[in-house]
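Below is protein-v4.pdb, which holds PDB, C-alpha atoms.
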ATOM      1  CA  LYS J   1     -89.679 117.997 217.408
ATOM      2  CA  SER J   2     -92.045 120.612 218.860
ATOM      3  CA  ASN J   3     -91.945 122.513 215.572
ATOM      4  CA  GLY J   4     -93.149 119.463 213.642
ATOM      5  CA  VAL J   5     -89.780 118.626 212.089
ATOM      6  CA  ALA J   6     -88.788 114.958 212.285
ATOM      7  CA  ASP J   7     -85.799 114.525 214.577
ATOM      8  CA  GLY J   8     -84.646 111.260 212.981
ATOM      9  CA  GLY J   9     -84.635 109.393 216.272
ATOM     10  CA  VAL J  10     -86.191 106.266 217.743
ATOM     11  CA  HIS J  11     -88.584 106.962 220.627
ATOM     12  CA  ALA J  12     -90.321 104.880 223.270
ATOM     13  CA  ILE J  13     -94.092 104.687 223.004
ATOM     14  CA  PHE J  14     -94.677 104.083 226.731
ATOM     15  CA  VAL J  15     -93.380 105.572 229.994
ATOM     16  CA  ILE J  16     -93.758 104.374 233.601
ATOM     17  CA  THR J  17     -95.822 107.370 234.720
ATOM     18  CA  GLY J  18     -99.034 106.177 236.348
ATOM     19  CA  ARG J  19     -97.810 102.727 237.349
ATOM     20  CA  GLN J  20     -98.513 101.695 240.940
ATOM     21  CA  ASP J  21     -94.840 100.837 241.414
ATOM     22  CA  ALA J  22     -93.729 104.274 240.151
ATOM     23  CA  PRO J  23     -95.196 106.703 242.707
ATOM     24  CA  GLY J  24     -94.296 110.338 242.120
ATOM     25  CA  CYS J  25     -92.997 109.781 238.564
ATOM     26  CA  ASN J  26     -94.418 112.275 236.103
ATOM     27  CA  ILE J  27     -92.455 111.807 232.913
ATOM     28  CA  ALA J  28     -94.506 113.252 230.064
ATOM     29  CA  GLN J  29     -95.499 110.638 227.542
ATOM     30  CA  PHE J  30     -94.985 111.588 223.907
ATOM     31  CA  SER J  31     -98.248 112.534 222.249
ATOM     32  CA  PHE J  32     -97.998 110.350 219.173
ATOM     33  CA  LEU J  33    -100.766 111.012 216.722
ATOM     34  CA  PRO J  34    -101.714 107.910 214.737
ATOM     35  CA  ALA J  35     -99.305 107.204 211.897
ATOM     36  CA  GLY J  36    -100.563 108.125 208.466
ATOM     37  CA  ASN J  37    -100.089 106.459 205.125
ATOM     38  CA  PRO J  38     -96.466 105.228 205.125
ATOM     39  CA  LEU J  39     -95.861 106.845 201.740
ATOM     40  CA  THR J  40     -97.731 110.150 202.040
ATOM     41  CA  GLY J  41     -98.455 110.644 205.729
ATOM     42  CA  GLN J  42    -102.058 111.350 204.831
ATOM     43  CA  GLY J  43    -104.616 110.321 207.411
ATOM     44  CA  GLY J  44    -102.261 110.783 210.330
ATOM     45  CA  ASN J  45     -98.906 112.036 211.518
ATOM     46  CA  PRO J  46     -96.425 112.214 208.613
ATOM     47  CA  ASN J  47     -93.489 112.173 211.028
ATOM     48  CA  ILE J  48     -94.244 108.800 212.624
ATOM     49  CA  ILE J  49     -93.242 105.423 211.245
ATOM     50  CA  PHE J  50     -93.683 102.071 212.943
ATOM     51  CA  ARG J  51     -91.415  99.076 212.530
ATOM     52  CA  ILE J  52     -91.811  95.343 212.749
ATOM     53  CA  PRO J  53     -88.979  93.346 214.379
ATOM     54  CA  THR J  54     -86.172  91.931 212.287
ATOM     55  CA  PRO J  55     -86.225  88.105 212.326
ATOM     56  CA  VAL J  56     -83.308  86.634 214.275
ATOM     57  CA  PHE J  57     -83.266  83.037 213.015
ATOM     58  CA  GLY J  58     -79.747  82.247 211.830
ATOM     59  CA  ALA J  59     -78.388  85.402 213.481
ATOM     60  CA  GLY J  60     -75.350  83.525 214.798
ATOM     61  CA  LEU J  61     -74.311  82.692 211.244
ATOM     62  CA  ILE J  62     -74.674  86.353 210.238
ATOM     63  CA  GLU J  63     -72.467  87.355 213.175
ATOM     64  CA  ALA J  64     -69.888  84.751 212.110
ATOM     65  CA  ILE J  65     -69.462  86.044 208.529
ATOM     66  CA  PRO J  66     -66.029  87.690 208.207
ATOM     67  CA  ASP J  67     -65.772  91.280 207.065
ATOM     68  CA  SER J  68     -63.599  90.053 204.199
ATOM     69  CA  ALA J  69     -66.468  87.945 202.833
ATOM     70  CA  ILE J  70     -68.843  90.932 202.915
ATOM     71  CA  LEU J  71     -66.301  93.177 201.208
ATOM     72  CA  ALA J  72     -65.445  90.592 198.547
ATOM     73  CA  ASN J  73     -69.121  90.203 197.735
ATOM     74  CA  GLN J  74     -69.475  93.980 197.562
ATOM     75  CA  GLN J  75     -66.785  94.071 194.854
ATOM     76  CA  ALA J  76     -68.215  91.119 192.907
ATOM     77  CA  ASN J  77     -69.974  92.048 189.645
ATOM     78  CA  ARG J  78     -69.343  95.691 190.456
ATOM     79  CA  ILE J  79     -69.693  96.919 186.854
ATOM     80  CA  LEU J  80     -72.967  95.077 186.370
ATOM     81  CA  LYS J  81     -74.287  96.355 189.689
ATOM     82  CA  SER J  82     -73.323  99.893 188.729
ATOM     83  CA  SER J  83     -75.163  99.576 185.421
ATOM     84  CA  LEU J  84     -78.304  98.755 187.408
ATOM     85  CA  GLY J  85     -77.805 101.700 189.748
ATOM     86  CA  ILE J  86     -76.789  99.526 192.709
ATOM     87  CA  SER J  87     -74.137 101.090 194.909
ATOM     88  CA  GLY J  88     -74.708  99.657 198.372
ATOM     89  CA  HIS J  89     -72.220 100.064 201.152
ATOM     90  CA  PRO J  90     -72.045  98.896 204.723
ATOM     91  CA  ASN J  91     -73.547 101.387 207.225
ATOM     92  CA  ALA J  92     -70.640 103.781 207.008
ATOM     93  CA  ILE J  93     -69.111 106.471 209.151
ATOM     94  CA  LEU J  94     -68.880 108.411 205.887
ATOM     95  CA  SER J  95     -71.770 107.498 203.636
ATOM     96  CA  GLY J  96     -70.615 105.649 200.560
ATOM     97  CA  ASN J  97     -67.508 104.254 202.174
ATOM     98  CA  VAL J  98     -67.089 100.847 203.732
ATOM     99  CA  ASN J  99     -69.076 100.488 206.945
ATOM    100  CA  ARG J 100     -66.794 100.812 209.938
ATOM    101  CA  ASN J 101     -67.664 100.519 213.582
ATOM    102  CA  GLY J 102     -66.612 103.698 215.363
ATOM    103  CA  ASN J 103     -64.480 101.783 217.866
ATOM    104  CA  ASP J 104     -62.622  99.036 216.043
ATOM    105  CA  GLY J 105     -63.310  99.817 212.381
ATOM    106  CA  THR J 106     -65.150  96.548 211.635
ATOM    107  CA  ILE J 107     -68.457  96.090 209.817
ATOM    108  CA  THR J 108     -71.777  96.450 211.605
ATOM    109  CA  ARG J 109     -74.623  94.206 210.438
ATOM    110  CA  PHE J 110     -77.653  93.905 212.759
ATOM    111  CA  GLY J 111     -80.855  95.945 212.739
ATOM    112  CA  TRP J 112     -82.915  97.485 209.939
ATOM    113  CA  LYS J 113     -80.039  99.872 209.192
ATOM    114  CA  ALA J 114     -77.173  97.554 210.162
ATOM    115  CA  GLN J 115     -76.527  99.854 213.093
ATOM    116  CA  ASN J 116     -75.282  97.209 215.531
ATOM    117  CA  LYS J 117     -72.001  95.348 215.500
ATOM    118  CA  SER J 118     -72.778  92.209 217.489
ATOM    119  CA  LEU J 119     -75.648  90.168 218.871
ATOM    120  CA  LEU J 120     -74.740  91.259 222.390
ATOM    121  CA  LEU J 121     -75.027  94.915 221.396
ATOM    122  CA  PHE J 122     -78.175  94.136 219.412
ATOM    123  CA  ALA J 123     -79.727  92.490 222.492
ATOM    124  CA  ALA J 124     -78.720  95.342 224.787
ATOM    125  CA  GLU J 125     -80.147  97.925 222.394
ATOM    126  CA  ALA J 126     -83.448  96.045 222.212
ATOM    127  CA  TYR J 127     -83.627  95.885 226.013
ATOM    128  CA  ASN J 128     -82.878  99.589 226.335
ATOM    129  CA  VAL J 129     -84.662 101.208 223.391
ATOM    130  CA  GLU J 130     -87.674  98.920 223.132
ATOM    131  CA  MET J 131     -88.218  97.983 226.800
ATOM    132  CA  GLY J 132     -86.446 100.696 228.778
ATOM    133  CA  ILE J 133     -84.148  98.248 230.585
ATOM    134  CA  THR J 134     -80.627  99.494 231.257
ATOM    135  CA  SER J 135     -77.668  97.131 231.188
ATOM    136  CA  GLU J 136     -73.911  97.177 231.476
ATOM    137  CA  LEU J 137     -73.773  98.168 227.796
ATOM    138  CA  PHE J 138     -76.412 100.912 228.215
ATOM    139  CA  PRO J 139     -76.057 101.820 231.916
ATOM    140  CA  GLN J 140     -77.787 105.232 231.991
ATOM    141  CA  GLU J 141     -81.565 105.752 231.955
ATOM    142  CA  ARG J 142     -82.851 107.458 228.831
ATOM    143  CA  ASP J 143     -84.720 109.884 231.105
ATOM    144  CA  GLU J 144     -82.960 110.712 234.356
ATOM    145  CA  THR J 145     -85.815 112.583 236.043
ATOM    146  CA  PRO J 146     -84.944 112.031 239.743
ATOM    147  CA  SER J 147     -88.482 111.123 240.845
ATOM    148  CA  CYS J 148     -88.553 108.385 238.214
ATOM    149  CA  ASN J 149     -85.246 106.702 239.041
ATOM    150  CA  LEU J 150     -86.718 104.107 241.386
ATOM    151  CA  THR J 151     -84.222 101.259 241.066
ATOM    152  CA  ALA J 152     -80.478 100.856 240.935
ATOM    153  CA  THR J 153     -78.941 101.189 237.490
ATOM    154  CA  PRO J 154     -78.129  99.405 235.393
ATOM    155  CA  ASN J 155     -81.252  97.267 235.821
ATOM    156  CA  ASN J 156     -79.629  94.208 234.286
ATOM    157  CA  THR J 157     -76.148  93.151 235.391
ATOM    158  CA  LEU J 158     -74.015  90.087 235.939
ATOM    159  CA  ASN J 159     -75.386  88.116 238.857
ATOM    160  CA  PHE J 160     -72.664  87.046 241.271
ATOM    161  CA  THR J 161     -75.036  85.589 243.865
ATOM    162  CA  THR J 162     -76.318  82.031 243.952
ATOM    163  CA  PRO J 163     -80.116  81.911 243.549
ATOM    164  CA  ALA J 164     -81.859  80.521 246.623
ATOM    165  CA  THR J 165     -83.688  78.013 244.463
ATOM    166  CA  SER J 166     -80.570  76.884 242.641
ATOM    167  CA  ALA J 167     -79.703  73.195 242.882
ATOM    168  CA  THR J 168     -76.063  73.941 242.120
ATOM    169  CA  SER J 169     -73.395  75.803 244.023
ATOM    170  CA  ASN J 170     -72.162  77.562 240.883
ATOM    171  CA  PRO J 171     -73.280  81.191 240.712
ATOM    172  CA  ALA J 172     -75.465  82.105 237.756
ATOM    173  CA  VAL J 173     -73.349  85.006 236.570
ATOM    174  CA  ILE J 174     -74.757  85.459 233.084
ATOM    175  CA  SER J 175     -76.823  88.607 232.488
ATOM    176  CA  ASP J 176     -80.125  88.750 230.636
ATOM    177  CA  ILE J 177     -78.641  90.458 227.596
ATOM    178  CA  GLU J 178     -75.941  87.776 227.360
ATOM    179  CA  GLY J 179     -78.543  85.045 227.663
ATOM    180  CA  PHE J 180     -80.659  86.677 224.959
ATOM    181  CA  ALA J 181     -77.621  87.084 222.690
ATOM    182  CA  ASN J 182     -76.720  83.412 223.167
ATOM    183  CA  PHE J 183     -80.297  82.406 222.421
ATOM    184  CA  MET J 184     -80.259  84.336 219.127
ATOM    185  CA  ARG J 185     -76.770  83.115 218.280
ATOM    186  CA  MET J 186     -77.778  79.467 218.323
ATOM    187  CA  LEU J 187     -81.146  79.757 216.555
ATOM    188  CA  ALA J 188     -80.974  77.643 213.407
ATOM    189  CA  PRO J 189     -81.744  79.331 210.087
ATOM    190  CA  PRO J 190     -85.082  78.493 208.471
ATOM    191  CA  THR J 191     -85.180  75.362 206.341
ATOM    192  CA  PRO J 192     -86.379  76.057 202.766
ATOM    193  CA  ALA J 193     -89.014  73.935 201.089
ATOM    194  CA  PRO J 194     -87.838  71.153 198.747
ATOM    195  CA  ASP J 195     -87.012  72.323 195.237
ATOM    196  CA  THR J 196     -89.529  71.974 192.430
ATOM    197  CA  PRO J 197     -89.244  72.994 188.762
ATOM    198  CA  THR J 198     -91.350  76.092 189.498
ATOM    199  CA  ILE J 199     -89.172  77.091 192.446
ATOM    200  CA  ALA J 200     -85.977  76.491 190.450
ATOM    201  CA  ASN J 201     -87.277  78.593 187.551
ATOM    202  CA  GLY J 202     -88.296  81.344 189.964
ATOM    203  CA  ARG J 203     -84.836  81.334 191.521
ATOM    204  CA  ALA J 204     -83.226  81.607 188.086
ATOM    205  CA  THR J 205     -85.470  84.554 187.159
ATOM    206  CA  PHE J 206     -84.773  86.201 190.530
ATOM    207  CA  ILE J 207     -81.062  86.052 189.735
ATOM    208  CA  LYS J 208     -81.466  87.010 186.063
ATOM    209  CA  ILE J 209     -83.267  90.305 186.664
ATOM    210  CA  GLY J 210     -80.722  91.410 189.280
ATOM    211  CA  CYS J 211     -82.421  90.809 192.653
ATOM    212  CA  ALA J 212     -79.488  88.666 193.758
ATOM    213  CA  HIS J 213     -77.030  91.563 193.425
ATOM    214  CA  CYS J 214     -78.332  92.826 196.774
ATOM    215  CA  HIS J 215     -80.091  89.728 198.084
ATOM    216  CA  THR J 216     -76.908  87.660 197.765
ATOM    217  CA  PRO J 217     -77.899  83.979 197.977
ATOM    218  CA  SER J 218     -75.150  82.939 200.383
ATOM    219  CA  LEU J 219     -72.087  84.048 202.319
ATOM    220  CA  ASN J 220     -69.662  81.813 204.220
ATOM    221  CA  THR J 221     -68.841  82.052 207.897
ATOM    222  CA  GLY J 222     -65.288  82.131 209.255
ATOM    223  CA  LYS J 223     -63.121  79.040 209.630
ATOM    224  CA  MET J 224     -62.770  79.196 213.418
ATOM    225  CA  ILE J 225     -65.716  80.807 215.207
ATOM    226  CA  ALA J 226     -65.662  80.518 218.987
ATOM    227  CA  SER J 227     -68.921  80.069 220.896
ATOM    228  CA  GLY J 228     -69.048  78.435 224.331
ATOM    229  CA  SER J 229     -65.314  77.787 224.249
ATOM    230  CA  SER J 230     -62.363  80.042 223.528
ATOM    231  CA  THR J 231     -60.210  77.117 222.414
ATOM    232  CA  VAL J 232     -62.527  74.785 220.478
ATOM    233  CA  PRO J 233     -64.287  76.343 217.462
ATOM    234  CA  SER J 234     -68.042  75.918 217.242
ATOM    235  CA  ALA J 235     -68.957  73.299 214.656
ATOM    236  CA  ALA J 236     -72.376  74.933 214.261
ATOM    237  CA  LEU J 237     -70.932  78.337 213.348
ATOM    238  CA  SER J 238     -67.568  77.600 211.712
ATOM    239  CA  ASN J 239     -67.149  76.898 207.981
ATOM    240  CA  GLN J 240     -70.876  77.163 207.346
ATOM    241  CA  THR J 241     -72.681  78.464 204.276
ATOM    242  CA  ALA J 242     -75.317  80.954 205.337
ATOM    243  CA  HIS J 243     -78.102  81.014 202.732
ATOM    244  CA  LEU J 244     -79.333  84.381 203.947
ATOM    245  CA  PHE J 245     -80.075  86.172 200.635
ATOM    246  CA  SER J 246     -78.497  89.431 201.781
ATOM    247  CA  ASP J 247     -75.267  91.305 201.148
ATOM    248  CA  LEU J 248     -75.548  92.896 204.637
ATOM    249  CA  LEU J 249     -74.897  96.271 203.022
ATOM    250  CA  VAL J 250     -76.885  99.466 203.351
ATOM    251  CA  HIS J 251     -78.691 100.738 200.243
ATOM    252  CA  HIS J 252     -80.669 103.845 199.339
ATOM    253  CA  MET J 253     -84.246 102.616 198.951
ATOM    254  CA  GLY J 254     -85.803 105.896 197.881
ATOM    255  CA  LYS J 255     -88.547 108.204 199.035
ATOM    256  CA  GLY J 256     -91.210 105.494 199.066
ATOM    257  CA  LEU J 257     -89.535 103.401 201.758
ATOM    258  CA  ALA J 258     -87.788 106.190 203.675
ATOM    259  CA  ASP J 259     -88.583 106.144 207.383
ATOM    260  CA  GLY J 260     -86.930 109.440 208.316
ATOM    261  CA  ILE J 261     -84.728 107.704 210.878
ATOM    262  CA  THR J 262     -80.938 107.945 211.024
ATOM    263  CA  GLN J 263     -79.045 105.199 212.835
ATOM    264  CA  GLY J 264     -75.285 105.159 212.716
ATOM    265  CA  ALA J 265     -74.524 106.757 209.381
ATOM    266  CA  ALA J 266     -77.489 105.126 207.623
ATOM    267  CA  GLY J 267     -79.782 107.950 206.633
ATOM    268  CA  PRO J 268     -83.541 108.378 206.258
ATOM    269  CA  ASP J 269     -83.915 106.235 203.125
ATOM    270  CA  GLU J 270     -81.113 103.729 203.748
ATOM    271  CA  PHE J 271     -81.678 100.154 204.885
ATOM    272  CA  ARG J 272     -79.668  96.985 205.241
ATOM    273  CA  THR J 273     -80.650  94.431 202.612
ATOM    274  CA  ALA J 274     -83.135  92.327 204.546
ATOM    275  CA  PRO J 275     -82.181  88.622 204.644
ATOM    276  CA  LEU J 276     -84.882  86.637 202.852
ATOM    277  CA  TRP J 277     -84.452  83.257 204.505
ATOM    278  CA  GLY J 278     -87.688  82.318 206.215
ATOM    279  CA  LEU J 279     -89.694  84.714 204.032
ATOM    280  CA  GLY J 280     -92.297  82.055 203.344
ATOM    281  CA  GLN J 281     -93.143  81.933 207.055
ATOM    282  CA  ARG J 282     -93.734  85.663 207.424
ATOM    283  CA  ILE J 283     -97.019  87.536 207.213
ATOM    284  CA  PHE J 284     -95.958  91.168 206.948
ATOM    285  CA  PHE J 285     -93.245  92.603 204.696
ATOM    286  CA  LEU J 286     -90.939  95.642 204.527
ATOM    287  CA  HIS J 287     -89.605  97.444 207.583
ATOM    288  CA  ASP J 288     -92.991  98.759 208.683
ATOM    289  CA  GLY J 289     -95.038  95.699 207.779
ATOM    290  CA  ARG J 290     -97.146  97.772 205.417
ATOM    291  CA  THR J 291     -98.204  94.855 203.256
ATOM    292  CA  SER J 292     -98.751  91.114 203.347
ATOM    293  CA  ASN J 293     -98.660  90.961 199.540
ATOM    294  CA  LEU J 294     -95.242  89.944 198.202
ATOM    295  CA  VAL J 295     -95.799  91.549 194.800
ATOM    296  CA  GLU J 296     -96.622  94.847 196.513
ATOM    297  CA  ALA J 297     -93.524  94.454 198.680
ATOM    298  CA  ILE J 298     -91.344  93.914 195.601
ATOM    299  CA  ARG J 299     -92.834  96.878 193.742
ATOM    300  CA  GLY J 300     -92.464  98.971 196.883
ATOM    301  CA  HIS J 301     -88.703  98.855 196.279
ATOM    302  CA  LYS J 302     -89.221 101.333 193.423
ATOM    303  CA  SER J 303     -89.464 105.046 194.102
ATOM    304  CA  ARG J 304     -87.489 108.216 193.507
ATOM    305  CA  GLY J 305     -83.886 107.700 194.627
ATOM    306  CA  SER J 306     -84.033 103.926 195.051
ATOM    307  CA  GLU J 307     -81.117 101.777 193.928
ATOM    308  CA  ALA J 308     -83.625  99.046 193.025
ATOM    309  CA  ASN J 309     -85.532 101.004 190.376
ATOM    310  CA  ARG J 310     -84.008  99.342 187.312
ATOM    311  CA  VAL J 311     -84.341  95.872 188.804
ATOM    312  CA  ILE J 312     -88.008  96.462 189.598
ATOM    313  CA  ASN J 313     -88.527  97.758 186.061
ATOM    314  CA  GLN J 314     -87.268  94.394 184.853
ATOM    315  CA  PHE J 315     -89.584  92.603 187.283
ATOM    316  CA  ASN J 316     -92.541  94.570 185.934
ATOM    317  CA  LYS J 317     -91.679  93.479 182.385
ATOM    318  CA  LEU J 318     -91.850  89.797 183.283
ATOM    319  CA  SER J 319     -94.814  87.713 182.281
ATOM    320  CA  THR J 320     -97.378  86.860 184.948
ATOM    321  CA  GLU J 321     -96.027  83.305 184.953
ATOM    322  CA  GLU J 322     -92.462  84.488 185.514
ATOM    323  CA  GLN J 323     -93.502  86.832 188.318
ATOM    324  CA  GLN J 324     -95.429  84.005 189.941
ATOM    325  CA  GLY J 325     -92.309  81.842 189.717
ATOM    326  CA  ILE J 326     -90.364  84.425 191.748
ATOM    327  CA  ILE J 327     -93.154  84.547 194.319
ATOM    328  CA  ASP J 328     -93.181  80.727 194.556
ATOM    329  CA  PHE J 329     -89.401  80.763 195.019
ATOM    330  CA  LEU J 330     -89.568  83.404 197.763
ATOM    331  CA  ARG J 331     -92.398  81.591 199.518
ATOM    332  CA  ALA J 332     -90.247  78.466 199.563
ATOM    333  CA  LEU J 333     -87.414  80.135 201.488
TER     334      LEU J 333
END
Full structure transcribed into C-alpha cells:
Amino acid sequence: KSNGVADGGVHAIFVITGRQDAPGCNIAQFSFLPAGNPLTGQGGNPNIIFRIPTPVFGAGLIEAIPDSAILANQQANRILKSSLGISGHPNAILSGNVNRNGNDGTITRFGWKAQNKSLLLFAAEAYNVEMGITSELFPQERDETPSCNLTATPNNTLNFTTPATSATSNPAVISDIEGFANFMRMLAPPTPAPDTPTIANGRATFIKIGCAHCHTPSLNTGKMIASGSSTVPSAALSNQTAHLFSDLLVHHMGKGLADGITQGAAGPDEFRTAPLWGLGQRIFFLHDGRTSNLVEAIRGHKSRGSEANRVINQFNKLSTEEQQGIIDFLRAL
C-alpha cells in the first residue's frame, strides 16, 4: 500500500499503457522496487515476493482425487503428526478447519496456497491474474478505466462461429480456458527413475524422519472420473494411484518462507504441500525459486512458526550419507 504496508494481494507487473494498440490508456504501472532478500528484504523491497509457476504435470490426477481420500489421509497417523508439530489442513474458510470451497463446501487444491477448486478455475485465474485476459469465469477487467477498455469483455468466450479456415462444419465452441484446462488435465505425471539400493534407502529415510507425513507418497483417484464423456469414465483418470508426494493440505511454513500473500483463507506463511513428483527435472525450488540446491530447500522449511521444524531437526542429525540418500531419492522422482 502507499504507506508501505503489504496488502497481501497478487499484482500484475505490466499494464497496457504505452502500447500502440492502446491509444489514450494511461493506467499507472505499479512502481515495484527490486525484491530484496526473500528472508530479510535487505537489498530491495521487503514487501515484494516473486513466484515460480507450479508444475502441472499429473494435474488431472490431482483433480480426480476424492475429498474423502484427502480427509482420510489427514486423519492417518494423527498422533504421530501432532508429536512432530504437524497440523496441516486444507485451505480453510476458517483456518484450522477442513478446507471448504465457499460455494459447494468441497476441498480446493490447486495453486501455491491451494486456492483454486478445479483446473478450469485454475486456468481462468492464470489467464486473468497473470496475463490480464478476462473470461466467462472472470468477466470484469481488473482495472475498468474507461480509456483502457478497448475490447469487448470478456476477452475469451465460447466461440459459436465456424472459423473460415476450418475444414469441418462443426463450430469450434471451446474457449481458451477450457482448452488449457483440458491440456493440463491430460498431462501424464512424471516417470520416476528406476529404483536402486541408494534410492530405496533414501526413500526409507525420507519416510522415517517424517517428511512423508506431509509429502504423502500417494493418493488414489475416484472410481468413476468423467473426462470427454459424461457416461463412460476415463480410464486414464479413474482408479489410478497418483504418486504425487503431497497431502494437498495447507501448512504453516514459518517466517522464513512466508510470502505475505493471503489467498482464500491461506495466510501469509501458509502453503499447500508441494507435490514432489518430477522434482528431479526441476532447476529452482520453493515457491519463489530462491535456490537450486535441494539441501538448502529442505533446510529452508525450518524457521520460527514452521510445522516442519522437528522434521528438519531430524534431517540435520542424519549422517552425510543418509542425507545424500534422500537427495538421490528426490532427484529420482
Residues of range 209-229 of chain J within 12 Å of range 49-60 of chain J: nearest atom pair and distance (Å, one decimal) for each, counting all atoms listed in the file, sorted by chain and number, as CSV?
residue,atom,partner,partner_atom,distance
J:Thr221,CA,J:Gly60,CA,9.6
J:Gly222,CA,J:Gly60,CA,11.6
J:Ile225,CA,J:Gly60,CA,10.0
J:Ala226,CA,J:Gly60,CA,11.0
J:Ser227,CA,J:Gly60,CA,9.5
Quick one: everything within 12 Å of Asp195 in chain J, counting only C-alpha atoms, minus sequence neighbours fewer than 5 positions away in the same chain. Send it as a PyMOL selection string.
chain J and resi 200-203+328-333
Please identify every residue of range 219-318 of chain J that has at least one atom no farther than 7 Å from an atom of range 6-29 of chain J, counting only C-alpha atoms, and for each give the shortest atom pair and the distance in Å to one decimal, arranged by chain then increasing number, as a tab-separated table.
residue	atom	partner	partner_atom	distance
J:Gly260	CA	J:Gly8	CA	5.5
J:Ile261	CA	J:Gly8	CA	4.1
J:Thr262	CA	J:Gly8	CA	5.3
For the provided coordinates, the residues matched by the PyMOL selection byres ((chain J and resi 99-116) around 10) should be stated as a PyMOL selection string.
chain J and resi 51-56+59+62-63+65-68+70-71+89-98+117-123+125-126+247-251+261-274+286-287
Picked residues, the PyMOL selection byres ((chain J and resi 129-143) around 7), expected as JSON, numbers by chain:
{"J": [12, 124, 125, 126, 127, 128, 144, 145, 153, 154, 155, 156, 157]}
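CA of Ser306 in chain J is positioned 10.9 Å from CA of Leu84 in chain J.
Going from CA of Ser218 in chain J over to CA of Val232 in chain J, you cover 25.1 Å.
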Which residues come within 7 Å of Phe245 in chain J, counting only C-alpha atoms, excluding same-chain residues fewer than 5 positions away, as a PyMOL selection string?
chain J and resi 215-218+275-277
File dump, residues just selected, C-alpha atoms, as a short mmCIF file (atom, residue, chain, number, x, y, z; two decimals), in the frame of the given file:
data_model
loop_
_atom_site.label_atom_id
_atom_site.label_comp_id
_atom_site.auth_asym_id
_atom_site.auth_seq_id
_atom_site.Cartn_x
_atom_site.Cartn_y
_atom_site.Cartn_z
CA HIS J 215 -80.09 89.73 198.08
CA THR J 216 -76.91 87.66 197.76
CA PRO J 217 -77.90 83.98 197.98
CA SER J 218 -75.15 82.94 200.38
CA PRO J 275 -82.18 88.62 204.64
CA LEU J 276 -84.88 86.64 202.85
CA TRP J 277 -84.45 83.26 204.50
#
Nearest candidate to Ile312 in chain J (options J:Thr191, J:Asn220, J:Gly85, J:Gln75; using only C-alpha atoms)
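Nearest candidate to Ile312 in chain J out of J:Thr191, J:Asn220, J:Gly85, J:Gln75: J:Gly85.
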Give me, please, the distance in Å between CA of Ile86 in chain J and CA of Lys317 in chain J, quoted to one decimal.
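Straight-line distance from CA of Ile86 in chain J to CA of Lys317 in chain J works out to 19.1 Å.
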Just the residues within 9 Å of Leu33 in chain J, please, counting all atoms listed in the file, with nothing from its chain fewer than 4 positions along; format it as a VMD selection string.
chain J and resid 44 to 45 48
Please identify all polymer residues within 12 Å of Lys208 in chain J, counting all atoms listed in the file, omitting same-chain residues fewer than 5 positions from it, and present them as number ranges by chain.
J: 80, 201-203, 213, 311, 314-315, 318, 322, 326
Calculated over all atoms listed in the file, which of the candidates J:Ser303, J:Gln42, J:Asn239, J:Gln323 has the smallest distance to Ala204 in chain J?
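So, comparing all the options, the nearest one is J:Gln323.
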